[in-house]
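Enquirer: Got a structure for you, coords32.tsv, holding TSV, C-alpha atoms.
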chain	number	residue	atom	x	y	z
E	105	MET	CA	-1.31	2.18	25.17
E	106	SER	CA	-1.89	5.92	25.04
E	107	CYS	CA	-0.09	7.76	22.29
E	108	ALA	CA	2.15	10.77	22.78
E	109	ILE	CA	1.65	12.44	19.41
E	110	SER	CA	-1.24	11.40	17.19
E	111	ARG	CA	-0.63	11.93	13.50
E	112	PRO	CA	-3.68	13.84	12.20
E	113	PRO	CA	-5.04	13.20	8.72
E	114	ALA	CA	-3.36	15.36	6.10
E	115	VAL	CA	-5.57	14.73	3.07
E	116	ALA	CA	-9.04	14.26	4.57
E	117	GLY	CA	-11.33	16.60	2.68
E	118	THR	CA	-9.22	16.39	-0.47
E	119	PHE	CA	-8.29	12.77	-1.29
E	120	TYR	CA	-11.32	11.47	0.58
E	121	SER	CA	-14.22	12.85	2.62
E	122	ASP	CA	-13.54	14.37	6.01
E	123	ASP	CA	-17.07	13.51	7.11
E	124	PRO	CA	-17.02	10.12	8.88
E	125	VAL	CA	-20.55	9.14	7.83
E	126	SER	CA	-19.98	10.00	4.17
E	127	LEU	CA	-16.53	8.39	4.21
E	128	ARG	CA	-17.73	5.10	5.65
E	129	SER	CA	-20.68	5.03	3.26
E	130	GLU	CA	-18.43	5.68	0.25
E	131	ILE	CA	-15.98	2.91	1.21
E	132	GLU	CA	-18.78	0.46	1.96
E	133	GLY	CA	-20.19	1.23	-1.48
E	134	TYR	CA	-16.86	0.53	-3.15
E	135	LEU	CA	-16.49	-2.74	-1.25
E	136	LEU	CA	-20.03	-3.80	-2.09
E	137	GLN	CA	-19.37	-3.33	-5.79
E	138	ALA	CA	-15.89	-4.90	-5.71
E	139	GLN	CA	-15.03	-7.69	-8.12
E	140	VAL	CA	-14.18	-10.89	-6.24
E	141	PRO	CA	-12.09	-13.49	-8.15
E	142	ALA	CA	-12.51	-17.24	-7.70
E	143	ILE	CA	-9.73	-17.99	-5.20
E	144	ALA	CA	-11.27	-20.67	-3.00
E	145	GLY	CA	-8.97	-21.87	-0.25
E	146	LEU	CA	-6.27	-19.25	-0.83
E	147	LYS	CA	-5.32	-16.81	1.93
E	148	PRO	CA	-4.06	-13.34	1.00
E	149	VAL	CA	-0.63	-12.48	2.36
E	150	ALA	CA	-0.20	-9.14	0.61
E	151	LEU	CA	-2.14	-6.59	-1.41
E	152	VAL	CA	-1.07	-4.04	-4.00
E	153	VAL	CA	-3.25	-0.93	-3.90
E	154	PRO	CA	-3.22	2.55	-5.45
E	155	HIS	CA	-3.11	5.75	-3.42
E	156	ALA	CA	-4.89	8.43	-5.44
E	157	GLY	CA	-8.04	10.27	-4.44
E	158	TYR	CA	-10.89	7.86	-3.87
E	159	CYS	CA	-12.91	9.27	-6.77
E	160	PHE	CA	-10.10	8.10	-9.08
E	161	SER	CA	-8.76	4.90	-7.50
E	162	GLY	CA	-11.16	3.94	-4.71
E	163	ALA	CA	-12.92	1.27	-6.76
E	164	VAL	CA	-9.57	-0.24	-7.78
E	165	ALA	CA	-8.39	-0.34	-4.16
E	166	ALA	CA	-11.69	-1.89	-3.07
E	167	ASP	CA	-11.14	-4.89	-5.32
E	168	ALA	CA	-8.12	-5.69	-3.15
E	169	TYR	CA	-9.56	-4.80	0.24
E	170	ARG	CA	-12.67	-6.88	-0.45
E	171	LEU	CA	-10.45	-9.99	-0.26
E	172	VAL	CA	-9.64	-9.38	3.42
E	173	GLU	CA	-12.96	-7.92	4.56
E	174	GLY	CA	-13.87	-9.26	8.00
E	175	GLN	CA	-10.59	-11.12	8.49
E	176	LYS	CA	-8.29	-10.82	11.49
E	177	PHE	CA	-4.57	-10.19	11.31
E	178	ASP	CA	-2.05	-9.81	14.09
E	179	LEU	CA	-0.39	-6.91	12.32
E	180	VAL	CA	-0.98	-4.84	9.18
E	181	VAL	CA	2.25	-3.59	7.59
E	182	VAL	CA	1.74	-0.74	5.13
E	183	VAL	CA	4.78	0.11	3.00
E	184	ALA	CA	4.33	3.39	1.12
E	185	PRO	CA	6.58	5.74	-0.85
E	186	THR	CA	7.55	9.26	0.08
E	187	HIS	CA	6.32	12.12	-2.10
E	188	HIS	CA	7.16	15.17	0.02
E	189	HIS	CA	10.33	14.54	2.02
E	190	TYR	CA	13.28	12.67	0.57
E	191	PHE	CA	15.57	10.62	2.79
E	192	ASP	CA	17.51	7.38	2.97
E	193	GLY	CA	16.10	4.24	4.55
E	194	ILE	CA	12.71	3.62	6.11
E	195	SER	CA	10.69	5.77	8.49
E	196	ILE	CA	8.26	4.15	10.93
E	197	TYR	CA	5.83	6.35	12.81
E	198	SER	CA	6.69	5.30	16.35
E	199	VAL	CA	5.59	8.12	18.66
E	200	GLY	CA	1.82	7.81	18.44
E	201	ASN	CA	-1.14	6.58	16.45
E	202	TYR	CA	-2.59	7.56	13.08
E	203	MET	CA	-5.90	9.41	13.03
E	204	THR	CA	-8.54	9.39	10.30
E	205	PRO	CA	-12.11	10.75	10.24
E	206	LEU	CA	-13.17	7.20	11.23
E	207	GLY	CA	-11.12	7.28	14.43
E	208	GLU	CA	-7.74	6.23	15.74
E	209	VAL	CA	-5.57	3.51	14.18
E	210	GLU	CA	-3.38	1.83	16.77
E	211	VAL	CA	0.31	1.68	15.92
E	212	ASP	CA	2.46	-1.05	17.45
E	213	HIS	CA	4.77	1.40	19.21
E	214	GLU	CA	6.82	-1.25	20.98
E	215	LEU	CA	7.54	-3.10	17.76
E	216	ALA	CA	8.30	0.16	15.96
E	217	ALA	CA	10.81	1.16	18.65
E	218	GLU	CA	12.36	-2.30	18.58
E	219	LEU	CA	12.89	-2.16	14.82
E	220	ILE	CA	14.34	1.35	15.00
E	221	ASN	CA	16.79	0.28	17.67
E	222	LYS	CA	17.76	-2.92	15.86
E	223	HIS	CA	18.15	-1.75	12.25
E	224	GLN	CA	20.22	1.25	11.22
E	225	GLU	CA	18.22	1.74	8.02
E	226	ILE	CA	15.01	2.25	10.03
E	227	ASN	CA	14.30	5.52	11.85
E	228	PHE	CA	11.43	7.81	12.76
E	229	ILE	CA	11.52	10.85	10.48
E	230	PRO	CA	8.55	13.09	11.33
E	231	GLU	CA	8.64	14.99	8.04
E	232	ALA	CA	8.24	11.75	6.10
E	233	HIS	CA	4.80	11.18	7.63
E	234	ARG	CA	3.47	14.70	8.14
E	235	TYR	CA	1.96	15.30	4.69
E	236	GLU	CA	2.31	11.87	3.09
E	237	HIS	CA	-0.91	10.66	1.48
E	238	SER	CA	0.29	7.30	0.13
E	239	LEU	CA	0.04	5.60	3.51
E	240	GLU	CA	-2.83	7.64	4.93
E	241	VAL	CA	-5.35	6.84	2.20
E	242	GLN	CA	-5.07	3.11	2.94
E	243	LEU	CA	-6.22	3.49	6.53
E	244	PRO	CA	-9.93	4.29	6.12
E	245	PHE	CA	-10.26	1.30	3.78
E	246	LEU	CA	-8.57	-0.89	6.38
E	247	GLN	CA	-10.78	0.50	9.14
E	248	VAL	CA	-13.93	-0.39	7.23
E	249	ALA	CA	-12.69	-3.74	5.89
E	250	LEU	CA	-11.02	-5.05	9.06
E	251	GLY	CA	-12.52	-3.08	11.92
E	252	GLU	CA	-9.89	-2.78	14.64
E	253	PHE	CA	-6.33	-3.66	13.70
E	254	THR	CA	-2.76	-2.89	14.71
E	255	LEU	CA	-0.60	-1.00	12.25
E	256	LEU	CA	3.08	-0.81	11.40
E	257	PRO	CA	3.28	2.31	9.17
E	258	MET	CA	6.40	2.40	6.97
E	259	ILE	CA	7.39	5.18	4.60
E	260	MET	CA	10.17	4.22	2.19
E	261	GLY	CA	12.70	6.87	1.23
E	262	GLN	CA	15.41	5.87	-1.22
E	263	GLN	CA	14.10	3.03	-3.37
E	264	GLY	CA	16.54	0.39	-4.58
E	265	TRP	CA	16.98	-3.38	-4.79
E	266	GLY	CA	19.29	-3.49	-1.78
E	267	GLN	CA	16.94	-1.47	0.41
E	268	ALA	CA	13.97	-3.56	-0.65
E	269	LEU	CA	15.78	-6.83	0.01
E	270	LYS	CA	16.71	-5.71	3.54
E	271	LEU	CA	13.20	-4.51	4.26
E	272	ALA	CA	11.69	-7.75	2.93
E	273	ALA	CA	13.88	-9.77	5.31
E	274	ILE	CA	12.86	-7.58	8.24
E	275	ILE	CA	9.17	-7.92	7.40
E	276	ALA	CA	9.40	-11.67	6.84
E	277	ASP	CA	11.00	-12.05	10.26
E	278	LEU	CA	7.90	-10.45	11.79
E	279	ALA	CA	5.80	-13.27	10.35
E	280	ARG	CA	7.48	-15.93	12.49
E	281	ASP	CA	4.88	-15.55	15.22
E	282	ARG	CA	2.26	-13.30	13.61
E	283	ARG	CA	-0.28	-13.43	10.83
E	284	LEU	CA	0.64	-10.42	8.74
E	285	LEU	CA	-1.21	-8.49	6.08
E	286	LEU	CA	1.22	-6.61	3.85
E	287	ILE	CA	0.11	-3.58	1.85
E	288	ALA	CA	2.18	-2.13	-0.99
E	289	SER	CA	0.97	1.36	-1.84
E	290	THR	CA	1.74	2.48	-5.39
E	291	ASP	CA	0.36	4.14	-8.48
E	292	LEU	CA	1.80	3.29	-11.90
E	293	SER	CA	2.65	5.59	-14.83
E	294	HIS	CA	2.00	9.31	-14.52
E	295	PHE	CA	0.74	11.82	-17.09
E	296	HIS	CA	1.15	9.99	-20.37
E	297	ASN	CA	-1.69	9.61	-22.82
E	298	ALA	CA	-3.85	6.55	-22.27
E	299	VAL	CA	-2.23	4.50	-25.04
E	300	LYS	CA	1.31	5.13	-23.79
E	301	ALA	CA	0.25	4.57	-20.18
E	302	GLY	CA	-1.28	1.25	-21.10
E	303	GLN	CA	1.89	0.14	-22.85
E	304	LEU	CA	4.03	1.03	-19.83
E	305	ASP	CA	1.67	-0.28	-17.20
E	306	GLN	CA	0.90	-3.62	-18.81
E	307	GLN	CA	4.56	-4.55	-18.45
E	308	ILE	CA	4.29	-4.08	-14.70
E	309	VAL	CA	0.99	-5.94	-14.65
E	310	ALA	CA	2.68	-8.87	-16.39
E	311	SER	CA	5.63	-8.96	-13.98
E	312	VAL	CA	3.33	-8.82	-10.95
E	313	ALA	CA	1.08	-11.53	-12.42
E	314	ALA	CA	4.18	-13.70	-12.87
E	315	PHE	CA	5.19	-12.93	-9.27
E	316	ASP	CA	8.61	-12.02	-10.63
E	317	PRO	CA	10.30	-9.26	-8.60
E	318	VAL	CA	13.47	-9.46	-10.71
E	319	ALA	CA	11.54	-8.78	-13.92
E	320	PHE	CA	9.59	-6.00	-12.20
E	321	TRP	CA	12.70	-4.26	-10.94
E	322	SER	CA	14.40	-4.58	-14.32
E	323	LEU	CA	11.52	-2.61	-15.84
E	324	ILE	CA	11.94	0.13	-13.25
E	325	GLU	CA	15.75	0.31	-13.40
E	326	ASN	CA	15.77	0.41	-17.19
E	327	ASN	CA	13.04	3.08	-17.36
E	328	GLN	CA	10.75	0.74	-19.26
E	329	ALA	CA	7.86	1.32	-16.84
E	330	GLU	CA	6.92	3.58	-13.94
E	331	ALA	CA	5.62	3.16	-10.41
E	332	CYS	CA	5.96	5.86	-7.75
E	333	GLY	CA	5.83	3.09	-5.14
E	334	ALA	CA	8.24	0.79	-6.94
E	335	GLY	CA	10.31	0.24	-3.79
E	336	PRO	CA	7.32	-0.63	-1.61
E	337	LEU	CA	5.94	-2.97	-4.28
E	338	LEU	CA	9.30	-4.70	-4.68
E	339	SER	CA	9.72	-4.99	-0.90
E	340	VAL	CA	6.27	-6.49	-0.44
E	341	MET	CA	6.71	-8.93	-3.34
E	342	LEU	CA	10.00	-10.15	-1.88
E	343	ALA	CA	8.60	-10.33	1.66
E	344	ALA	CA	5.51	-12.21	0.49
E	345	GLN	CA	7.71	-14.80	-1.21
E	346	LYS	CA	9.80	-15.20	1.94
E	347	ILE	CA	6.62	-15.71	3.99
E	348	GLY	CA	5.48	-18.45	1.65
E	349	ALA	CA	3.21	-16.81	-0.90
E	350	GLU	CA	3.25	-18.74	-4.16
E	351	ARG	CA	0.61	-17.17	-6.36
E	352	ALA	CA	-0.17	-13.69	-7.63
E	353	GLN	CA	-3.55	-12.49	-8.84
E	354	ILE	CA	-4.14	-9.30	-10.80
E	355	LEU	CA	-7.44	-7.86	-9.67
E	356	THR	CA	-7.93	-4.60	-11.57
E	357	TYR	CA	-6.04	-2.24	-13.83
E	358	ARG	CA	-7.53	1.13	-14.71
E	359	HIS	CA	-6.34	4.63	-15.47
E	360	SER	CA	-7.65	8.00	-14.40
E	361	GLY	CA	-8.92	8.87	-17.87
E	362	GLU	CA	-11.57	6.16	-17.54
E	363	ILE	CA	-13.02	8.10	-14.63
E	364	CYS	CA	-12.54	11.76	-15.53
E	365	GLY	CA	-12.84	11.40	-19.31
E	366	ASP	CA	-9.47	13.03	-20.10
E	367	SER	CA	-7.19	10.46	-21.71
E	368	SER	CA	-4.42	12.91	-22.61
E	369	ARG	CA	-2.66	12.81	-19.22
E	370	VAL	CA	-3.55	9.80	-17.10
E	371	VAL	CA	-2.31	7.96	-14.02
E	372	GLY	CA	-2.35	4.17	-13.90
E	373	TYR	CA	-3.86	2.22	-10.99
E	374	LEU	CA	-3.38	-1.44	-10.13
E	375	SER	CA	-4.78	-3.75	-7.49
E	376	ALA	CA	-3.32	-7.20	-7.00
E	377	ALA	CA	-2.89	-9.85	-4.32
E	378	PHE	CA	-0.35	-12.48	-3.33
E	379	PHE	CA	-1.54	-15.72	-1.74
E	380	ASN	CA	-0.17	-18.65	0.23
Rewrite the coordinates I just gave you, this time as structure tokens.

Expert:
Amino acid sequence: MSCAISRPPAVAGTFYSDDPVSLRSEIEGYLLQAQVPAIAGLKPVALVVPHAGYCFSGAVAADAYRLVEGQKFDLVVVVAPTHHHYFDGISIYSVGNYMTPLGEVEVDHELAAELINKHQEINFIPEAHRYEHSLEVQLPFLQVALGEFTLLPMIMGQQGWGQALKLAAIIADLARDRRLLLIASTDLSHFHNAVKAGQLDQQIVASVAAFDPVAFWSLIENNQAEACGAGPLLSVMLAAQKIGAERAQILTYRHSGEICGDSSRVVGYLSAAFFN
């Protein structure tokens, strides 16, 4: 299906290389060095991945994407938070495909239109996608790890338990006749010193490891921890449970100070997976 309006990359050349050869080589290097846990016989349903510049969080993301390298999915659903345009509900890019330096990522336009027509909380809001990096930075990793795939790109506006529960039910319904890969795009605490960041972030790590969305959301609501993609992470956790995932695996936790050497103001990064 030809697209009407391709969404060009907004952060190529800043968050990651705009040169396709360099970009592919960098991602392949991250995947080659990725840590692979012993999970024989388990199939990943969902991944939690950070969305910072690759020099900061690329290795953390790769530990998740390595789990699905070479696999085939009927649909990849990326749920990412908004940073630039605030709105209620969910925005799905429905009018074209996403572009990266590695080429075009096919969006399931028919499914996107169907969901927009069926659910009042889902719309296409162009401004939500135009500059948003949290979804975009996942795509080159997916292109290298999976090759060709079909995308449902979701940007989450207002983040709350009710919104996440509705979105989880919508996503789980898509799994009735499809093998889905769900991606929750989030970073953790922002701009605390490394000790404080670790204290905040380890609470989220524990709730994700326990596969406990209620405990996770309690941390967020009570300001006991931070995650800019809290809504996407909650939605994906709930959807994964509805689909049948029973086990969570923490893959990597790291903060930006471990890369840049400045531990006075760091950002936390987590990769994790949920399995059937």

Enquirer: Go through E:Asn201, E:Gln139, E:Gln345, E:Ser238 and flag the residue nearest Ala279 of chain E, using only C-alpha atoms for the distances.

Expert: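 Among the listed residues, E:Gln345 lies closest to Ala279 of chain E.
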
Enquirer: Mind dumping a table of every segment 232-330 of chain E residue within 12 Å of segment 159-170 of chain E, with the nearest atom pair and its distance in Å to one decimal, using only C-alpha atoms, sorted by chain and rising number, as CSV?

Expert:
residue,atom,partner,partner_atom,distance
E:Val241,CA,E:Gly162,CA,9.5
E:Gln242,CA,E:Ala165,CA,8.6
E:Leu243,CA,E:Tyr169,CA,10.9
E:Pro244,CA,E:Tyr169,CA,10.8
E:Phe245,CA,E:Tyr169,CA,7.1
E:Leu246,CA,E:Tyr169,CA,7.3
E:Gln247,CA,E:Tyr169,CA,10.4
E:Val248,CA,E:Tyr169,CA,9.3
E:Ala249,CA,E:Tyr169,CA,6.5
E:Leu250,CA,E:Tyr169,CA,8.9
E:Leu285,CA,E:Tyr169,CA,10.8
E:Leu286,CA,E:Tyr169,CA,11.5
E:Ile287,CA,E:Ala168,CA,9.9
E:Ala288,CA,E:Ala168,CA,11.1
E:Ser289,CA,E:Ala165,CA,9.8
E:Thr290,CA,E:Ala165,CA,10.6
E:Asp291,CA,E:Ser161,CA,9.2
E:Leu292,CA,E:Ser161,CA,11.6

Enquirer: Just the number, please: distance in Å from atom CA of Leu342 of chain E to atom CA of Leu269 of chain E, one decimal.

Expert: 6.9 Å

Enquirer: Out of E:Asn380, E:Thr254, E:Ser126, E:Ser195, which residue has the shortest atom-to-atom distance to His233 of chain E when counting all atoms listed in the file?

Expert: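 Comparing E:Asn380, E:Thr254, E:Ser126, E:Ser195 against His233 of chain E, the winner is E:Ser195.
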
Enquirer: Report, in Å with one decimal, the straight-line distance from atom CA of Ala349 of chain E to atom CA of Leu146 of chain E.

Expert: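 The value is 9.8 Å.
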
Enquirer: For Ser121 of chain E, which residue out of E:Gly193, E:Arg358, E:Leu206, E:Phe228 is the nearest one, using only C-alpha atoms?

Expert: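 Nearest to Ser121 of chain E: E:Leu206.
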
Enquirer: Which polymer residues, protein or nucleic acid, are no farther than 12 Å from (-14.2, -15.8, -6.9), counting all atoms listed in the file, as an MDAnalysis selection string?

Expert: chainID E and resid 138:146 167 170:171 353 355

Enquirer: How many Å lie between atom CA of Tyr190 of chain E and atom CA of Pro336 of chain E, rounded to one decimal?

Expert: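 Computing the Euclidean distance for atom CA of Tyr190 of chain E and atom CA of Pro336 of chain E yields 14.7 Å.
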
Enquirer: Excluding Met203 of chain E and any residue of its chain fewer than 5 positions from it, enumerate the residues within 7 Å of it, using all atoms listed in the file, and give them as a PDB file with C-alpha atoms, keeping the file's coordinate frame.

Expert:
ATOM      1  CA  SER E 110      -1.240  11.400  17.190  1.00  0.00           C
ATOM      2  CA  ARG E 111      -0.630  11.930  13.500  1.00  0.00           C
ATOM      3  CA  PRO E 112      -3.680  13.840  12.200  1.00  0.00           C
ATOM      4  CA  PRO E 113      -5.040  13.200   8.720  1.00  0.00           C
ATOM      5  CA  GLU E 208      -7.740   6.230  15.740  1.00  0.00           C
ATOM      6  CA  VAL E 209      -5.570   3.510  14.180  1.00  0.00           C
TER       7      VAL E 209
END

Enquirer: Return the single residue from E:Asn221, E:Thr118, E:Asn326, E:Asn297 that is closest to Asp366 of chain E, with distances computed using only C-alpha atoms.

Expert: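 Closest candidate: E:Asn297.
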
Enquirer: Quick one: of E:Ala216, E:Ala344, E:Ile259, E:Val312, who's nearest to Ala376 of chain E, counting only C-alpha atoms?

Expert: E:Val312

Enquirer: Which residue out of E:Glu214, E:Glu240, E:Glu173, E:Glu330 has the minimum interatomic distance to His296 of chain E when all atoms listed in the file are used?

Expert: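 Checking each of E:Glu214, E:Glu240, E:Glu173, E:Glu330 against His296 of chain E, counting all atoms listed in the file, the winner is E:Glu330.
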
Enquirer: For segment 342-359 of chain E in the structure I just supplied, write out C-alpha atoms - as a compact mmCIF listing (two decimals), in the first residue's frame.

Expert:
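Here's the written file out19.txt:
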# COMPACT_ATOMS: atom_id res chain seq x y z
CA LEU E 342 -1.44 -5.02 31.37
CA ALA E 343 -1.76 -6.03 27.71
CA ALA E 344 0.98 -8.65 28.05
CA GLN E 345 -0.85 -10.20 30.99
CA LYS E 346 -4.11 -10.26 29.03
CA ILE E 347 -2.33 -11.98 26.12
CA GLY E 348 -1.00 -14.66 28.44
CA ALA E 349 2.46 -13.55 29.51
CA GLU E 350 3.33 -14.99 32.90
CA ARG E 351 6.95 -14.11 33.53
CA ALA E 352 9.01 -10.94 33.58
CA GLN E 353 12.77 -10.74 33.14
CA ILE E 354 14.89 -7.71 33.95
CA LEU E 355 17.64 -7.52 31.37
CA THR E 356 19.67 -4.39 32.15
CA TYR E 357 19.55 -1.32 34.33
CA ARG E 358 22.04 1.48 33.79
CA HIS E 359 22.17 5.24 34.11
